[in-house]
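Written below as structure tokens is the structure these notes are about.
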Amino acid sequence: TPGGPLDLHVIHRTDRYVVIDKPSGLLSVPGIGAHKADCVVARVHAVFAGPQAPADPGRLIVHRLDMDTSGLMVVALDADAQRDLAGQFERRIPEKAYIALVDGLPEREEGEISLPLRLDVERRPFQIVDPVHGRPATTRFRVLAREIDRSRLHLVPHTGRTHQLRVHCARGLNC
């Protein structure tokens, strides 16, 4: 059933975690309100949770992808796995890379974008560039392909700020 617990593409599964191919448009974790309860961790919990799993599926989260972002997500199946895997992500042991299709043609073939980000309090959960109060955020990019009015980029975030790649692509590419 679309949107149901079995509507998951499982890439890899162990007794401790699963790797899911998250589609665009699906939340990673539950949002606020019953209409935003459907998410990756709830679906994983419904299908794979064993007796060691916490009652709250949100406790299985290891990392997140924005709702509009598709890609691989690791979801723990028990609290010990969650602690272990989340610690690895905090220490930046897994290497993360993204492919993005952006409007415009960057001036450079590759480079680094360093723009400090903070929450836009008037438009939550959006982020804005703020050189005074923003937290450091750095992204490496490389142009993979150029089209008439858009580019395909390889992005590697060195920090993990909310919406970092979107803001950096919108503000830091000099298209």
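Numbering starts fresh at 1 for the residues of each chain in the structure tokens, the chains themselves are lettered A, B, ... in the order given, and ligands are numbered from 1 as they appear.
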Could you pull out the residues in segment 18-141 of chain A that DSSP calls alpha helix (DSSP H) from the backbone, as a PDB file with all heavy atoms, in the first residue's frame?
```
ATOM      1  N   VAL A  40       9.691   7.895   7.611  1.00  0.00           N
ATOM      2  CA  VAL A  40      10.585   6.749   7.466  1.00  0.00           C
ATOM      3  C   VAL A  40      10.669   5.939   8.749  1.00  0.00           C
ATOM      4  O   VAL A  40      10.491   4.720   8.746  1.00  0.00           O
ATOM      5  CB  VAL A  40      11.996   7.199   7.008  1.00  0.00           C
ATOM      6  CG1 VAL A  40      12.992   6.050   7.097  1.00  0.00           C
ATOM      7  CG2 VAL A  40      11.950   7.751   5.598  1.00  0.00           C
ATOM      8  N   VAL A  41      10.949   6.595   9.886  1.00  0.00           N
ATOM      9  CA  VAL A  41      11.144   5.822  11.111  1.00  0.00           C
ATOM     10  C   VAL A  41       9.865   5.111  11.552  1.00  0.00           C
ATOM     11  O   VAL A  41       9.932   3.995  12.070  1.00  0.00           O
ATOM     12  CB  VAL A  41      11.762   6.641  12.268  1.00  0.00           C
ATOM     13  CG1 VAL A  41      13.174   7.056  11.956  1.00  0.00           C
ATOM     14  CG2 VAL A  41      10.909   7.812  12.642  1.00  0.00           C
ATOM     15  N   ALA A  42       8.711   5.722  11.348  1.00  0.00           N
ATOM     16  CA  ALA A  42       7.455   5.047  11.702  1.00  0.00           C
ATOM     17  C   ALA A  42       7.242   3.815  10.822  1.00  0.00           C
ATOM     18  O   ALA A  42       6.818   2.765  11.303  1.00  0.00           O
ATOM     19  CB  ALA A  42       6.281   6.015  11.570  1.00  0.00           C
ATOM     20  N   ARG A  43       7.543   3.918   9.535  1.00  0.00           N
ATOM     21  CA  ARG A  43       7.386   2.775   8.635  1.00  0.00           C
ATOM     22  C   ARG A  43       8.378   1.664   8.982  1.00  0.00           C
ATOM     23  O   ARG A  43       8.009   0.487   9.008  1.00  0.00           O
ATOM     24  CB  ARG A  43       7.575   3.211   7.179  1.00  0.00           C
ATOM     25  CG  ARG A  43       6.452   4.097   6.674  1.00  0.00           C
ATOM     26  CD  ARG A  43       6.651   4.409   5.211  1.00  0.00           C
ATOM     27  NE  ARG A  43       5.710   5.409   4.737  1.00  0.00           N
ATOM     28  CZ  ARG A  43       5.572   5.734   3.468  1.00  0.00           C
ATOM     29  NH1 ARG A  43       6.309   5.150   2.537  1.00  0.00           N
ATOM     30  NH2 ARG A  43       4.700   6.651   3.113  1.00  0.00           N
ATOM     31  N   VAL A  44       9.612   2.043   9.262  1.00  0.00           N
ATOM     32  CA  VAL A  44      10.617   1.041   9.647  1.00  0.00           C
ATOM     33  C   VAL A  44      10.190   0.359  10.944  1.00  0.00           C
ATOM     34  O   VAL A  44      10.243  -0.865  11.071  1.00  0.00           O
ATOM     35  CB  VAL A  44      12.016   1.675   9.789  1.00  0.00           C
ATOM     36  CG1 VAL A  44      12.987   0.731  10.489  1.00  0.00           C
ATOM     37  CG2 VAL A  44      12.556   2.062   8.418  1.00  0.00           C
ATOM     38  N   HIS A  45       9.753   1.146  11.909  1.00  0.00           N
ATOM     39  CA  HIS A  45       9.320   0.605  13.194  1.00  0.00           C
ATOM     40  C   HIS A  45       8.161  -0.369  12.999  1.00  0.00           C
ATOM     41  O   HIS A  45       8.143  -1.452  13.594  1.00  0.00           O
ATOM     42  CB  HIS A  45       8.923   1.751  14.126  1.00  0.00           C
ATOM     43  CG  HIS A  45       8.664   1.338  15.526  1.00  0.00           C
ATOM     44  ND1 HIS A  45       7.411   1.015  15.980  1.00  0.00           N
ATOM     45  CD2 HIS A  45       9.504   1.191  16.590  1.00  0.00           C
ATOM     46  CE1 HIS A  45       7.481   0.688  17.258  1.00  0.00           C
ATOM     47  NE2 HIS A  45       8.744   0.790  17.652  1.00  0.00           N
ATOM     48  N   ALA A  46       7.190  -0.010  12.165  1.00  0.00           N
ATOM     49  CA  ALA A  46       6.016  -0.855  11.944  1.00  0.00           C
ATOM     50  C   ALA A  46       6.388  -2.204  11.326  1.00  0.00           C
ATOM     51  O   ALA A  46       5.761  -3.216  11.626  1.00  0.00           O
ATOM     52  CB  ALA A  46       5.009  -0.124  11.058  1.00  0.00           C
ATOM     53  N   VAL A  47       7.407  -2.216  10.490  1.00  0.00           N
ATOM     54  CA  VAL A  47       7.777  -3.445   9.785  1.00  0.00           C
ATOM     55  C   VAL A  47       8.828  -4.252  10.528  1.00  0.00           C
ATOM     56  O   VAL A  47       8.747  -5.476  10.614  1.00  0.00           O
ATOM     57  CB  VAL A  47       8.277  -3.115   8.356  1.00  0.00           C
ATOM     58  CG1 VAL A  47       8.782  -4.362   7.659  1.00  0.00           C
ATOM     59  CG2 VAL A  47       7.170  -2.466   7.545  1.00  0.00           C
ATOM     60  N   PHE A  48       9.842  -3.589  11.081  1.00  0.00           N
ATOM     61  CA  PHE A  48      11.021  -4.298  11.575  1.00  0.00           C
ATOM     62  C   PHE A  48      11.218  -4.291  13.083  1.00  0.00           C
ATOM     63  O   PHE A  48      12.089  -5.001  13.577  1.00  0.00           O
ATOM     64  CB  PHE A  48      12.289  -3.706  10.945  1.00  0.00           C
ATOM     65  CG  PHE A  48      12.334  -3.844   9.464  1.00  0.00           C
ATOM     66  CD1 PHE A  48      12.197  -2.726   8.655  1.00  0.00           C
ATOM     67  CD2 PHE A  48      12.501  -5.078   8.859  1.00  0.00           C
ATOM     68  CE1 PHE A  48      12.241  -2.838   7.271  1.00  0.00           C
ATOM     69  CE2 PHE A  48      12.545  -5.206   7.487  1.00  0.00           C
ATOM     70  CZ  PHE A  48      12.414  -4.086   6.688  1.00  0.00           C
ATOM     71  N   ALA A  79      17.862   0.587  20.662  1.00  0.00           N
ATOM     72  CA  ALA A  79      18.476   1.766  21.280  1.00  0.00           C
ATOM     73  C   ALA A  79      20.000   1.713  21.239  1.00  0.00           C
ATOM     74  O   ALA A  79      20.649   2.736  21.024  1.00  0.00           O
ATOM     75  CB  ALA A  79      17.982   1.916  22.716  1.00  0.00           C
ATOM     76  N   ASP A  80      20.591   0.527  21.446  1.00  0.00           N
ATOM     77  CA  ASP A  80      22.055   0.421  21.401  1.00  0.00           C
ATOM     78  C   ASP A  80      22.584   0.742  20.005  1.00  0.00           C
ATOM     79  O   ASP A  80      23.592   1.443  19.860  1.00  0.00           O
ATOM     80  CB  ASP A  80      22.515  -0.977  21.830  1.00  0.00           C
ATOM     81  CG  ASP A  80      22.358  -1.211  23.323  1.00  0.00           C
ATOM     82  OD1 ASP A  80      22.286  -0.217  24.072  1.00  0.00           O
ATOM     83  OD2 ASP A  80      22.291  -2.390  23.725  1.00  0.00           O
ATOM     84  N   ALA A  81      21.919   0.224  18.992  1.00  0.00           N
ATOM     85  CA  ALA A  81      22.336   0.505  17.611  1.00  0.00           C
ATOM     86  C   ALA A  81      22.189   1.988  17.310  1.00  0.00           C
ATOM     87  O   ALA A  81      23.044   2.585  16.657  1.00  0.00           O
ATOM     88  CB  ALA A  81      21.516  -0.325  16.626  1.00  0.00           C
ATOM     89  N   GLN A  82      21.109   2.597  17.807  1.00  0.00           N
ATOM     90  CA  GLN A  82      20.902   4.024  17.568  1.00  0.00           C
ATOM     91  C   GLN A  82      22.032   4.832  18.169  1.00  0.00           C
ATOM     92  O   GLN A  82      22.582   5.724  17.532  1.00  0.00           O
ATOM     93  CB  GLN A  82      19.549   4.471  18.144  1.00  0.00           C
ATOM     94  CG  GLN A  82      19.138   5.872  17.743  1.00  0.00           C
ATOM     95  CD  GLN A  82      19.823   6.980  18.516  1.00  0.00           C
ATOM     96  OE1 GLN A  82      20.271   6.803  19.644  1.00  0.00           O
ATOM     97  NE2 GLN A  82      19.918   8.143  17.893  1.00  0.00           N
ATOM     98  N   ARG A  83      22.413   4.533  19.411  1.00  0.00           N
ATOM     99  CA  ARG A  83      23.500   5.257  20.075  1.00  0.00           C
ATOM    100  C   ARG A  83      24.807   5.087  19.305  1.00  0.00           C
ATOM    101  O   ARG A  83      25.531   6.045  19.061  1.00  0.00           O
ATOM    102  CB  ARG A  83      23.676   4.738  21.507  1.00  0.00           C
ATOM    103  CG  ARG A  83      23.203   5.681  22.572  1.00  0.00           C
ATOM    104  CD  ARG A  83      23.539   5.219  23.979  1.00  0.00           C
ATOM    105  NE  ARG A  83      23.336   3.804  24.254  1.00  0.00           N
ATOM    106  CZ  ARG A  83      22.155   3.238  24.519  1.00  0.00           C
ATOM    107  NH1 ARG A  83      21.074   3.979  24.542  1.00  0.00           N
ATOM    108  NH2 ARG A  83      22.059   1.951  24.761  1.00  0.00           N
ATOM    109  N   ASP A  84      25.103   3.860  18.913  1.00  0.00           N
ATOM    110  CA  ASP A  84      26.346   3.571  18.201  1.00  0.00           C
ATOM    111  C   ASP A  84      26.390   4.284  16.844  1.00  0.00           C
ATOM    112  O   ASP A  84      27.356   4.970  16.512  1.00  0.00           O
ATOM    113  CB  ASP A  84      26.500   2.062  18.019  1.00  0.00           C
ATOM    114  CG  ASP A  84      27.785   1.685  17.308  1.00  0.00           C
ATOM    115  OD1 ASP A  84      28.820   2.353  17.528  1.00  0.00           O
ATOM    116  OD2 ASP A  84      27.765   0.714  16.532  1.00  0.00           O
ATOM    117  N   LEU A  85      25.331   4.138  16.073  1.00  0.00           N
ATOM    118  CA  LEU A  85      25.301   4.723  14.722  1.00  0.00           C
ATOM    119  C   LEU A  85      25.239   6.251  14.768  1.00  0.00           C
ATOM    120  O   LEU A  85      25.931   6.931  14.002  1.00  0.00           O
ATOM    121  CB  LEU A  85      24.128   4.157  13.931  1.00  0.00           C
ATOM    122  CG  LEU A  85      24.247   2.672  13.589  1.00  0.00           C
ATOM    123  CD1 LEU A  85      22.905   2.118  13.142  1.00  0.00           C
ATOM    124  CD2 LEU A  85      25.314   2.456  12.527  1.00  0.00           C
ATOM    125  N   ALA A  86      24.426   6.796  15.665  1.00  0.00           N
ATOM    126  CA  ALA A  86      24.336   8.262  15.772  1.00  0.00           C
ATOM    127  C   ALA A  86      25.695   8.838  16.174  1.00  0.00           C
ATOM    128  O   ALA A  86      26.098   9.897  15.678  1.00  0.00           O
ATOM    129  CB  ALA A  86      23.256   8.667  16.772  1.00  0.00           C
ATOM    130  N   GLY A  87      26.410   8.146  17.046  1.00  0.00           N
ATOM    131  CA  GLY A  87      27.750   8.587  17.432  1.00  0.00           C
ATOM    132  C   GLY A  87      28.704   8.602  16.252  1.00  0.00           C
ATOM    133  O   GLY A  87      29.533   9.506  16.116  1.00  0.00           O
ATOM    134  N   GLN A  88      28.575   7.604  15.388  1.00  0.00           N
ATOM    135  CA  GLN A  88      29.413   7.584  14.186  1.00  0.00           C
ATOM    136  C   GLN A  88      29.105   8.781  13.292  1.00  0.00           C
ATOM    137  O   GLN A  88      30.028   9.397  12.736  1.00  0.00           O
ATOM    138  CB  GLN A  88      29.205   6.282  13.419  1.00  0.00           C
ATOM    139  CG  GLN A  88      29.761   5.055  14.116  1.00  0.00           C
ATOM    140  CD  GLN A  88      29.535   3.806  13.314  1.00  0.00           C
ATOM    141  OE1 GLN A  88      29.711   3.796  12.105  1.00  0.00           O
ATOM    142  NE2 GLN A  88      29.134   2.739  13.994  1.00  0.00           N
ATOM    143  N   PHE A  89      27.832   9.126  13.137  1.00  0.00           N
ATOM    144  CA  PHE A  89      27.469  10.287  12.320  1.00  0.00           C
ATOM    145  C   PHE A  89      27.969  11.575  12.971  1.00  0.00           C
ATOM    146  O   PHE A  89      28.443  12.470  12.280  1.00  0.00           O
ATOM    147  CB  PHE A  89      25.958  10.339  12.073  1.00  0.00           C
ATOM    148  CG  PHE A  89      25.530   9.544  10.871  1.00  0.00           C
ATOM    149  CD1 PHE A  89      25.329   8.183  10.967  1.00  0.00           C
ATOM    150  CD2 PHE A  89      25.347  10.148   9.645  1.00  0.00           C
ATOM    151  CE1 PHE A  89      24.950   7.443   9.869  1.00  0.00           C
ATOM    152  CE2 PHE A  89      24.972   9.422   8.531  1.00  0.00           C
ATOM    153  CZ  PHE A  89      24.764   8.062   8.644  1.00  0.00           C
ATOM    154  N   GLU A  90      27.875  11.681  14.292  1.00  0.00           N
ATOM    155  CA  GLU A  90      28.378  12.877  14.985  1.00  0.00           C
ATOM    156  C   GLU A  90      29.881  13.049  14.778  1.00  0.00           C
ATOM    157  O   GLU A  90      30.365  14.171  14.645  1.00  0.00           O
ATOM    158  CB  GLU A  90      28.080  12.785  16.479  1.00  0.00           C
ATOM    159  CG  GLU A  90      26.655  13.087  16.832  1.00  0.00           C
ATOM    160  CD  GLU A  90      26.395  12.950  18.326  1.00  0.00           C
ATOM    161  OE1 GLU A  90      27.343  13.132  19.123  1.00  0.00           O
ATOM    162  OE2 GLU A  90      25.241  12.672  18.682  1.00  0.00           O
TER     163      GLU A  90
END
```
Using only C-alpha atoms, which residues sit within 7 Å of segment 98-109 of chain A once same-chain residues fewer than 5 positions away are excluded, as a PDB file with all heavy atoms, in the first residue's frame?
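Below is the file selection_18.pdb, written as the result:
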```
ATOM      1  N   ARG A 142      31.347  20.236  -6.799  1.00  0.00           N
ATOM      2  CA  ARG A 142      32.002  20.000  -8.083  1.00  0.00           C
ATOM      3  C   ARG A 142      30.909  19.890  -9.134  1.00  0.00           C
ATOM      4  O   ARG A 142      29.912  19.200  -8.934  1.00  0.00           O
ATOM      5  CB  ARG A 142      32.824  18.710  -8.037  1.00  0.00           C
ATOM      6  CG  ARG A 142      33.559  18.384  -9.317  1.00  0.00           C
ATOM      7  CD  ARG A 142      34.534  17.224  -9.150  1.00  0.00           C
ATOM      8  NE  ARG A 142      34.058  16.143  -8.311  1.00  0.00           N
ATOM      9  CZ  ARG A 142      33.414  15.063  -8.773  1.00  0.00           C
ATOM     10  NH1 ARG A 142      33.185  14.906 -10.042  1.00  0.00           N
ATOM     11  NH2 ARG A 142      33.023  14.120  -7.926  1.00  0.00           N
ATOM     12  N   VAL A 143      31.080  20.591 -10.247  1.00  0.00           N
ATOM     13  CA  VAL A 143      30.105  20.535 -11.334  1.00  0.00           C
ATOM     14  C   VAL A 143      30.280  19.205 -12.070  1.00  0.00           C
ATOM     15  O   VAL A 143      31.383  18.881 -12.515  1.00  0.00           O
ATOM     16  CB  VAL A 143      30.274  21.726 -12.305  1.00  0.00           C
ATOM     17  CG1 VAL A 143      29.325  21.594 -13.488  1.00  0.00           C
ATOM     18  CG2 VAL A 143      30.058  23.051 -11.582  1.00  0.00           C
ATOM     19  N   ARG A 146      26.706  20.526 -17.129  1.00  0.00           N
ATOM     20  CA  ARG A 146      26.060  21.820 -17.362  1.00  0.00           C
ATOM     21  C   ARG A 146      25.051  21.656 -18.478  1.00  0.00           C
ATOM     22  O   ARG A 146      25.326  21.005 -19.473  1.00  0.00           O
ATOM     23  CB  ARG A 146      27.087  22.874 -17.765  1.00  0.00           C
ATOM     24  CG  ARG A 146      28.074  23.212 -16.658  1.00  0.00           C
ATOM     25  CD  ARG A 146      29.156  24.163 -17.176  1.00  0.00           C
ATOM     26  NE  ARG A 146      30.130  24.469 -16.163  1.00  0.00           N
ATOM     27  CZ  ARG A 146      30.022  25.475 -15.304  1.00  0.00           C
ATOM     28  NH1 ARG A 146      28.975  26.273 -15.356  1.00  0.00           N
ATOM     29  NH2 ARG A 146      30.950  25.670 -14.400  1.00  0.00           N
ATOM     30  N   ASP A 149      20.462  26.032 -18.718  1.00  0.00           N
ATOM     31  CA  ASP A 149      20.228  26.969 -17.624  1.00  0.00           C
ATOM     32  C   ASP A 149      20.293  26.313 -16.243  1.00  0.00           C
ATOM     33  O   ASP A 149      19.808  26.856 -15.270  1.00  0.00           O
ATOM     34  CB  ASP A 149      18.876  27.650 -17.796  1.00  0.00           C
ATOM     35  CG  ASP A 149      17.719  26.657 -17.822  1.00  0.00           C
ATOM     36  OD1 ASP A 149      17.973  25.425 -17.866  1.00  0.00           O
ATOM     37  OD2 ASP A 149      16.558  27.104 -17.788  1.00  0.00           O
ATOM     38  N   ARG A 150      20.885  25.122 -16.176  1.00  0.00           N
ATOM     39  CA  ARG A 150      21.015  24.450 -14.887  1.00  0.00           C
ATOM     40  C   ARG A 150      22.250  23.570 -14.862  1.00  0.00           C
ATOM     41  O   ARG A 150      22.842  23.291 -15.900  1.00  0.00           O
ATOM     42  CB  ARG A 150      19.763  23.649 -14.549  1.00  0.00           C
ATOM     43  CG  ARG A 150      19.458  22.533 -15.529  1.00  0.00           C
ATOM     44  CD  ARG A 150      18.146  21.887 -15.222  1.00  0.00           C
ATOM     45  NE  ARG A 150      17.933  20.755 -16.114  1.00  0.00           N
ATOM     46  CZ  ARG A 150      16.930  19.943 -16.037  1.00  0.00           C
ATOM     47  NH1 ARG A 150      16.019  20.115 -15.097  1.00  0.00           N
ATOM     48  NH2 ARG A 150      16.807  18.945 -16.876  1.00  0.00           N
ATOM     49  N   SER A 151      22.614  23.154 -13.651  1.00  0.00           N
ATOM     50  CA  SER A 151      23.832  22.363 -13.459  1.00  0.00           C
ATOM     51  C   SER A 151      23.553  21.190 -12.518  1.00  0.00           C
ATOM     52  O   SER A 151      22.744  21.302 -11.602  1.00  0.00           O
ATOM     53  CB  SER A 151      24.940  23.219 -12.841  1.00  0.00           C
ATOM     54  OG  SER A 151      25.195  24.349 -13.637  1.00  0.00           O
ATOM     55  N   ARG A 152      24.254  20.098 -12.757  1.00  0.00           N
ATOM     56  CA  ARG A 152      24.219  18.943 -11.865  1.00  0.00           C
ATOM     57  C   ARG A 152      25.509  18.988 -11.050  1.00  0.00           C
ATOM     58  O   ARG A 152      26.600  19.056 -11.611  1.00  0.00           O
ATOM     59  CB  ARG A 152      24.119  17.641 -12.658  1.00  0.00           C
ATOM     60  CG  ARG A 152      23.896  16.424 -11.784  1.00  0.00           C
ATOM     61  CD  ARG A 152      23.574  15.198 -12.612  1.00  0.00           C
ATOM     62  NE  ARG A 152      22.499  15.394 -13.558  1.00  0.00           N
ATOM     63  CZ  ARG A 152      21.195  15.300 -13.283  1.00  0.00           C
ATOM     64  NH1 ARG A 152      20.811  14.999 -12.066  1.00  0.00           N
ATOM     65  NH2 ARG A 152      20.284  15.487 -14.218  1.00  0.00           N
ATOM     66  N   LEU A 153      25.355  18.978  -9.723  1.00  0.00           N
ATOM     67  CA  LEU A 153      26.493  19.147  -8.823  1.00  0.00           C
ATOM     68  C   LEU A 153      26.689  17.928  -7.928  1.00  0.00           C
ATOM     69  O   LEU A 153      25.720  17.266  -7.555  1.00  0.00           O
ATOM     70  CB  LEU A 153      26.283  20.359  -7.906  1.00  0.00           C
ATOM     71  CG  LEU A 153      26.001  21.702  -8.546  1.00  0.00           C
ATOM     72  CD1 LEU A 153      25.757  22.747  -7.461  1.00  0.00           C
ATOM     73  CD2 LEU A 153      27.131  22.115  -9.453  1.00  0.00           C
ATOM     74  N   HIS A 154      27.923  17.691  -7.573  1.00  0.00           N
ATOM     75  CA  HIS A 154      28.285  16.738  -6.536  1.00  0.00           C
ATOM     76  C   HIS A 154      28.584  17.574  -5.304  1.00  0.00           C
ATOM     77  O   HIS A 154      29.437  18.476  -5.348  1.00  0.00           O
ATOM     78  CB  HIS A 154      29.516  15.939  -6.979  1.00  0.00           C
ATOM     79  CG  HIS A 154      29.987  14.949  -5.975  1.00  0.00           C
ATOM     80  ND1 HIS A 154      30.998  15.216  -5.086  1.00  0.00           N
ATOM     81  CD2 HIS A 154      29.580  13.678  -5.740  1.00  0.00           C
ATOM     82  CE1 HIS A 154      31.206  14.144  -4.338  1.00  0.00           C
ATOM     83  NE2 HIS A 154      30.358  13.200  -4.711  1.00  0.00           N
ATOM     84  N   LEU A 155      27.870  17.333  -4.210  1.00  0.00           N
ATOM     85  CA  LEU A 155      27.994  18.131  -2.995  1.00  0.00           C
ATOM     86  C   LEU A 155      28.457  17.262  -1.830  1.00  0.00           C
ATOM     87  O   LEU A 155      27.939  16.166  -1.631  1.00  0.00           O
ATOM     88  CB  LEU A 155      26.644  18.754  -2.621  1.00  0.00           C
ATOM     89  CG  LEU A 155      25.982  19.635  -3.679  1.00  0.00           C
ATOM     90  CD1 LEU A 155      24.553  19.968  -3.264  1.00  0.00           C
ATOM     91  CD2 LEU A 155      26.791  20.889  -3.907  1.00  0.00           C
ATOM     92  N   VAL A 156      29.406  17.776  -1.075  1.00  0.00           N
ATOM     93  CA  VAL A 156      29.878  17.091   0.128  1.00  0.00           C
ATOM     94  C   VAL A 156      29.821  18.090   1.282  1.00  0.00           C
ATOM     95  O   VAL A 156      30.610  19.041   1.328  1.00  0.00           O
ATOM     96  CB  VAL A 156      31.316  16.557  -0.050  1.00  0.00           C
ATOM     97  CG1 VAL A 156      31.812  15.908   1.243  1.00  0.00           C
ATOM     98  CG2 VAL A 156      31.392  15.575  -1.208  1.00  0.00           C
ATOM     99  N   LEU A 173      26.848  29.864  -4.951  1.00  0.00           N
ATOM    100  CA  LEU A 173      27.426  29.338  -6.196  1.00  0.00           C
ATOM    101  C   LEU A 173      27.792  30.404  -7.209  1.00  0.00           C
ATOM    102  O   LEU A 173      28.474  30.114  -8.180  1.00  0.00           O
ATOM    103  CB  LEU A 173      26.451  28.343  -6.842  1.00  0.00           C
ATOM    104  CG  LEU A 173      26.353  26.989  -6.159  1.00  0.00           C
ATOM    105  CD1 LEU A 173      25.279  26.145  -6.816  1.00  0.00           C
ATOM    106  CD2 LEU A 173      27.695  26.268  -6.202  1.00  0.00           C
ATOM    107  N   ASN A 174      27.341  31.619  -7.037  1.00  0.00           N
ATOM    108  CA  ASN A 174      27.610  32.695  -8.006  1.00  0.00           C
ATOM    109  C   ASN A 174      27.211  32.284  -9.416  1.00  0.00           C
ATOM    110  O   ASN A 174      27.999  32.334 -10.348  1.00  0.00           O
ATOM    111  CB  ASN A 174      29.092  33.104  -7.984  1.00  0.00           C
ATOM    112  CG  ASN A 174      29.492  33.662  -6.634  1.00  0.00           C
ATOM    113  OD1 ASN A 174      28.724  34.377  -6.019  1.00  0.00           O
ATOM    114  ND2 ASN A 174      30.673  33.309  -6.189  1.00  0.00           N
ATOM    115  N   CYS A 175      25.958  31.879  -9.549  1.00  0.00           N
ATOM    116  CA  CYS A 175      25.443  31.477 -10.867  1.00  0.00           C
ATOM    117  C   CYS A 175      25.013  32.712 -11.654  1.00  0.00           C
ATOM    118  O   CYS A 175      24.586  33.669 -11.125  1.00  0.00           O
ATOM    119  CB  CYS A 175      24.260  30.552 -10.724  1.00  0.00           C
ATOM    120  SG  CYS A 175      24.684  28.954 -10.031  1.00  0.00           S
TER     121      CYS A 175
END
```
### Selection near segment 128-141 of chain A, 10 Å with only C-alpha atoms, sequence-local residues under 2 positions removed, as a count of residues only
41
### Query
Taking the backbone alone, and naming residues the way the document does, which bits of chain A are strand (DSSP E) by DSSP, as a PyMOL selection string?
chain A and resi 10-13+17-22+71-76+98-103+110-114+117-119+127-129+138-146+150-157
Could I get the residues of segment 71-119 of chain A with an atom no further than 7 Å from an atom of segment 18-31 of chain A, each paired with its nearest atom pair and that distance in Å to one decimal, using only C-alpha atoms, sorted by chain and residue number, as CSV?
```
residue,atom,partner,partner_atom,distance
A:Gly71,CA,A:Lys22,CA,5.2
A:Leu72,CA,A:Asp21,CA,4.6
A:Met73,CA,A:Ile20,CA,5.2
A:Val74,CA,A:Val19,CA,4.5
A:Val75,CA,A:Val18,CA,5.4
A:Ala76,CA,A:Val18,CA,6.6
```
### Message
For a test of reading the model, state the distance in Å between atom CA of His9 of chain A and atom CA of Cys39 of chain A, rounded to one decimal.
### Response
13.3 Å
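As for atom CA of Lys96 of chain A and atom CA of Asp7 of chain A, they are spaced 24.6 Å apart.
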